[in-house]
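Asker: Dropping a structure here in structure tokens format, bear with me for questions.
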Amino acid sequence: MARIPYADDQNAEVAELAAQIRKERGKMHNLYKMLLNSPPVARGWLNLLTAVRQQTKLPGKFRELAILRVAIVNGADVEYRSHIPYALKEGLSQQQIDALPKWRESKAFDAAERAVLAYTDSMTKDIHVPDSVFEPLRPHFDARELLELTTTIGAYNLVSRVLEALKIDH
């Protein structure tokens, strides 16, 4: 059960924003019902996550790989389960998804995927990323993609922390 109440998404103050969320997300997820407790935060969140998820050059398989790994590291089961269908759609295999908890021991990932996973772990666990973790990304991604990967990892750390701190239901 969520720690604070979900907002009334039919309230006149948030009706327009709620309609935009439904249009862009297909439905009103509990995360957005929670965010609507603060319309300015909900609007900013929607804009940021729409950019990260739908307007980047970074290939979707790397985005979803990072999102799933963030969810695993942070113990964010709601985030993890909700992104499995997206990961499969973007080209990750079920074998890769199953191997994510112990990815370092797995042969299911190529060099680019391993670099993304190491970077995701370092950003999520340690904050400060050593050059030895960052440099293996360079052969696979240009400057824009590196920025987009970094902001994806940062954004989904935000998502998992909010989901878990407020105990938002799936």
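Naming works like this for the structure tokens: A, B, ... for the chains as they're shown, residue 1 at the start of each chain, ligands 1 onward in shown order.
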Need to verify the contact set: Thr120 (chain A), 8 Å, only C-alpha atoms, exclusion of same-chain residues closer than 2 positions in sequence. Can you return it as a list in words?

Answerer: Ala66, Arg69, Val70, Val116, Leu117, Ala118, Ser122, Met123, Thr124 and Ile153 of chain A

Asker: Restricting the output to C-alpha atoms, write the selected residues as a PDB file, in the first residue's frame.

Answerer:
```pdb
ATOM      1  CA  ALA A  66      20.019  -0.051 -18.409  1.00  0.00           C
ATOM      2  CA  ARG A  69      19.601  -3.285 -14.442  1.00  0.00           C
ATOM      3  CA  VAL A  70      18.820  -0.130 -12.434  1.00  0.00           C
ATOM      4  CA  VAL A 116      26.351  -0.509 -20.635  1.00  0.00           C
ATOM      5  CA  LEU A 117      25.780  -2.871 -17.711  1.00  0.00           C
ATOM      6  CA  ALA A 118      29.084  -1.970 -16.053  1.00  0.00           C
ATOM      7  CA  SER A 122      28.807   2.056 -11.422  1.00  0.00           C
ATOM      8  CA  MET A 123      26.433   5.011 -11.759  1.00  0.00           C
ATOM      9  CA  THR A 124      23.790   3.347  -9.615  1.00  0.00           C
ATOM     10  CA  ILE A 153      20.387   5.643 -15.999  1.00  0.00           C
TER      11      ILE A 153
END
```

Asker: Using only C-alpha atoms, which protein or nucleic acid residues come within 12 Å of region 84-99 of chain A? Drop anything in the same chain fewer than 4 positions from it, and give the result as a PyMOL selection string.

Answerer: chain A and resi 53-54+58-69+71-72+77-80+103-110+113-114+117

Asker: Write out as a list of chain:residue names which residues come within 12 Å of Glu24 (chain A) when counting only C-alpha atoms, dropping same-chain ones fewer than 2 positions away.

Answerer: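 So the residues in contact are A:Leu17, A:Ala18, A:Ala19, A:Gln20, A:Ile21, A:Arg22, A:Gly26, A:Lys27, A:Met28, A:His29, A:Tyr32, A:Leu46, A:Asn47, A:Leu49, A:Thr50, A:Ala51, A:Arg53, A:Gln54.
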
Asker: Please, could you write that set of residues out with N, CA and C atoms as a PDB file, in the first residue's frame?

Answerer:
```pdb
ATOM      1  N   LEU A  17      -3.610  17.850 -17.512  1.00  0.00           N
ATOM      2  CA  LEU A  17      -2.365  17.105 -17.404  1.00  0.00           C
ATOM      3  C   LEU A  17      -2.638  15.601 -17.376  1.00  0.00           C
ATOM      4  N   ALA A  18      -3.669  15.182 -16.662  1.00  0.00           N
ATOM      5  CA  ALA A  18      -4.035  13.757 -16.611  1.00  0.00           C
ATOM      6  C   ALA A  18      -4.402  13.245 -18.006  1.00  0.00           C
ATOM      7  N   ALA A  19      -5.096  14.055 -18.777  1.00  0.00           N
ATOM      8  CA  ALA A  19      -5.447  13.672 -20.153  1.00  0.00           C
ATOM      9  C   ALA A  19      -4.186  13.520 -21.005  1.00  0.00           C
ATOM     10  N   GLN A  20      -3.220  14.407 -20.821  1.00  0.00           N
ATOM     11  CA  GLN A  20      -1.961  14.320 -21.556  1.00  0.00           C
ATOM     12  C   GLN A  20      -1.210  13.040 -21.169  1.00  0.00           C
ATOM     13  N   ILE A  21      -1.186  12.731 -19.879  1.00  0.00           N
ATOM     14  CA  ILE A  21      -0.518  11.513 -19.410  1.00  0.00           C
ATOM     15  C   ILE A  21      -1.169  10.287 -20.039  1.00  0.00           C
ATOM     16  N   ARG A  22      -2.492  10.224 -20.035  1.00  0.00           N
ATOM     17  CA  ARG A  22      -3.199   9.086 -20.629  1.00  0.00           C
ATOM     18  C   ARG A  22      -2.893   8.974 -22.120  1.00  0.00           C
ATOM     19  N   GLY A  26      -0.853   5.843 -22.526  1.00  0.00           N
ATOM     20  CA  GLY A  26      -1.865   4.833 -22.817  1.00  0.00           C
ATOM     21  C   GLY A  26      -2.838   4.582 -21.683  1.00  0.00           C
ATOM     22  N   LYS A  27      -2.421   4.891 -20.474  1.00  0.00           N
ATOM     23  CA  LYS A  27      -3.291   4.765 -19.302  1.00  0.00           C
ATOM     24  C   LYS A  27      -2.672   5.569 -18.162  1.00  0.00           C
ATOM     25  N   MET A  28      -3.385   5.635 -17.069  1.00  0.00           N
ATOM     26  CA  MET A  28      -2.900   6.353 -15.895  1.00  0.00           C
ATOM     27  C   MET A  28      -2.276   5.342 -14.935  1.00  0.00           C
ATOM     28  N   HIS A  29      -0.957   5.233 -14.974  1.00  0.00           N
ATOM     29  CA  HIS A  29      -0.239   4.345 -14.062  1.00  0.00           C
ATOM     30  C   HIS A  29      -0.253   4.939 -12.659  1.00  0.00           C
ATOM     31  N   TYR A  32       2.039   7.916 -11.945  1.00  0.00           N
ATOM     32  CA  TYR A  32       1.546   9.237 -12.341  1.00  0.00           C
ATOM     33  C   TYR A  32       0.408   9.709 -11.435  1.00  0.00           C
ATOM     34  N   LEU A  46       6.874  13.982 -16.589  1.00  0.00           N
ATOM     35  CA  LEU A  46       6.348  13.503 -17.862  1.00  0.00           C
ATOM     36  C   LEU A  46       7.231  13.971 -19.017  1.00  0.00           C
ATOM     37  N   ASN A  47       7.607  15.236 -18.998  1.00  0.00           N
ATOM     38  CA  ASN A  47       8.451  15.777 -20.064  1.00  0.00           C
ATOM     39  C   ASN A  47       9.816  15.083 -20.092  1.00  0.00           C
ATOM     40  N   LEU A  49      10.743  12.067 -18.780  1.00  0.00           N
ATOM     41  CA  LEU A  49      10.683  10.647 -19.117  1.00  0.00           C
ATOM     42  C   LEU A  49      10.200  10.405 -20.543  1.00  0.00           C
ATOM     43  N   THR A  50       9.390  11.297 -21.075  1.00  0.00           N
ATOM     44  CA  THR A  50       9.012  11.185 -22.492  1.00  0.00           C
ATOM     45  C   THR A  50      10.238  11.396 -23.364  1.00  0.00           C
ATOM     46  N   ALA A  51      11.050  12.383 -23.040  1.00  0.00           N
ATOM     47  CA  ALA A  51      12.280  12.619 -23.805  1.00  0.00           C
ATOM     48  C   ALA A  51      13.206  11.416 -23.716  1.00  0.00           C
ATOM     49  N   ARG A  53      12.573   8.248 -22.923  1.00  0.00           N
ATOM     50  CA  ARG A  53      12.046   6.992 -23.469  1.00  0.00           C
ATOM     51  C   ARG A  53      11.685   7.050 -24.941  1.00  0.00           C
ATOM     52  N   GLN A  54      11.309   8.230 -25.447  1.00  0.00           N
ATOM     53  CA  GLN A  54      10.717   8.265 -26.781  1.00  0.00           C
ATOM     54  C   GLN A  54      11.393   9.210 -27.771  1.00  0.00           C
TER      55      GLN A  54
END
```

Asker: Using DSSP on the backbone, list every residue of region 37-151 of chain A that comes out as alpha helix (DSSP H), and give them as a PyMOL selection string.

Answerer: chain A and resi 39-54+60-74+77-89+94-99+111-121+131-134+143-151

Asker: Go through A:Arg43, A:Lys57, A:Arg3, A:Arg138 one by one, measure the shortest atom-to-atom distance of each to Thr152 (chain A) using only C-alpha atoms, and give the residue with the smallest value.

Answerer: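 The closest residue to Thr152 (chain A) is A:Lys57.
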
Asker: Hey, can you check how far CA of Asn74 (chain A) sits from CA of His170 (chain A)?

Answerer: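 If I compute the distance from CA of Asn74 (chain A) to CA of His170 (chain A), I get 16.0 Å.
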
Asker: Out of A:Leu36, A:Val73, A:Ala143, A:Ala12, which residue has the shortest atom-to-atom distance to Lys125 (chain A) when counting only C-alpha atoms?

Answerer: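 For Lys125 (chain A), the nearest of the given residues is A:Val73.
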
Asker: Considering only C-alpha atoms, can you say which of A:Ser132, A:Ile127, A:Ala2, A:Leu48 comes closest to Val159 (chain A)?

Answerer: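 Ranked by minimum distance to Val159 (chain A), first place goes to A:Leu48.
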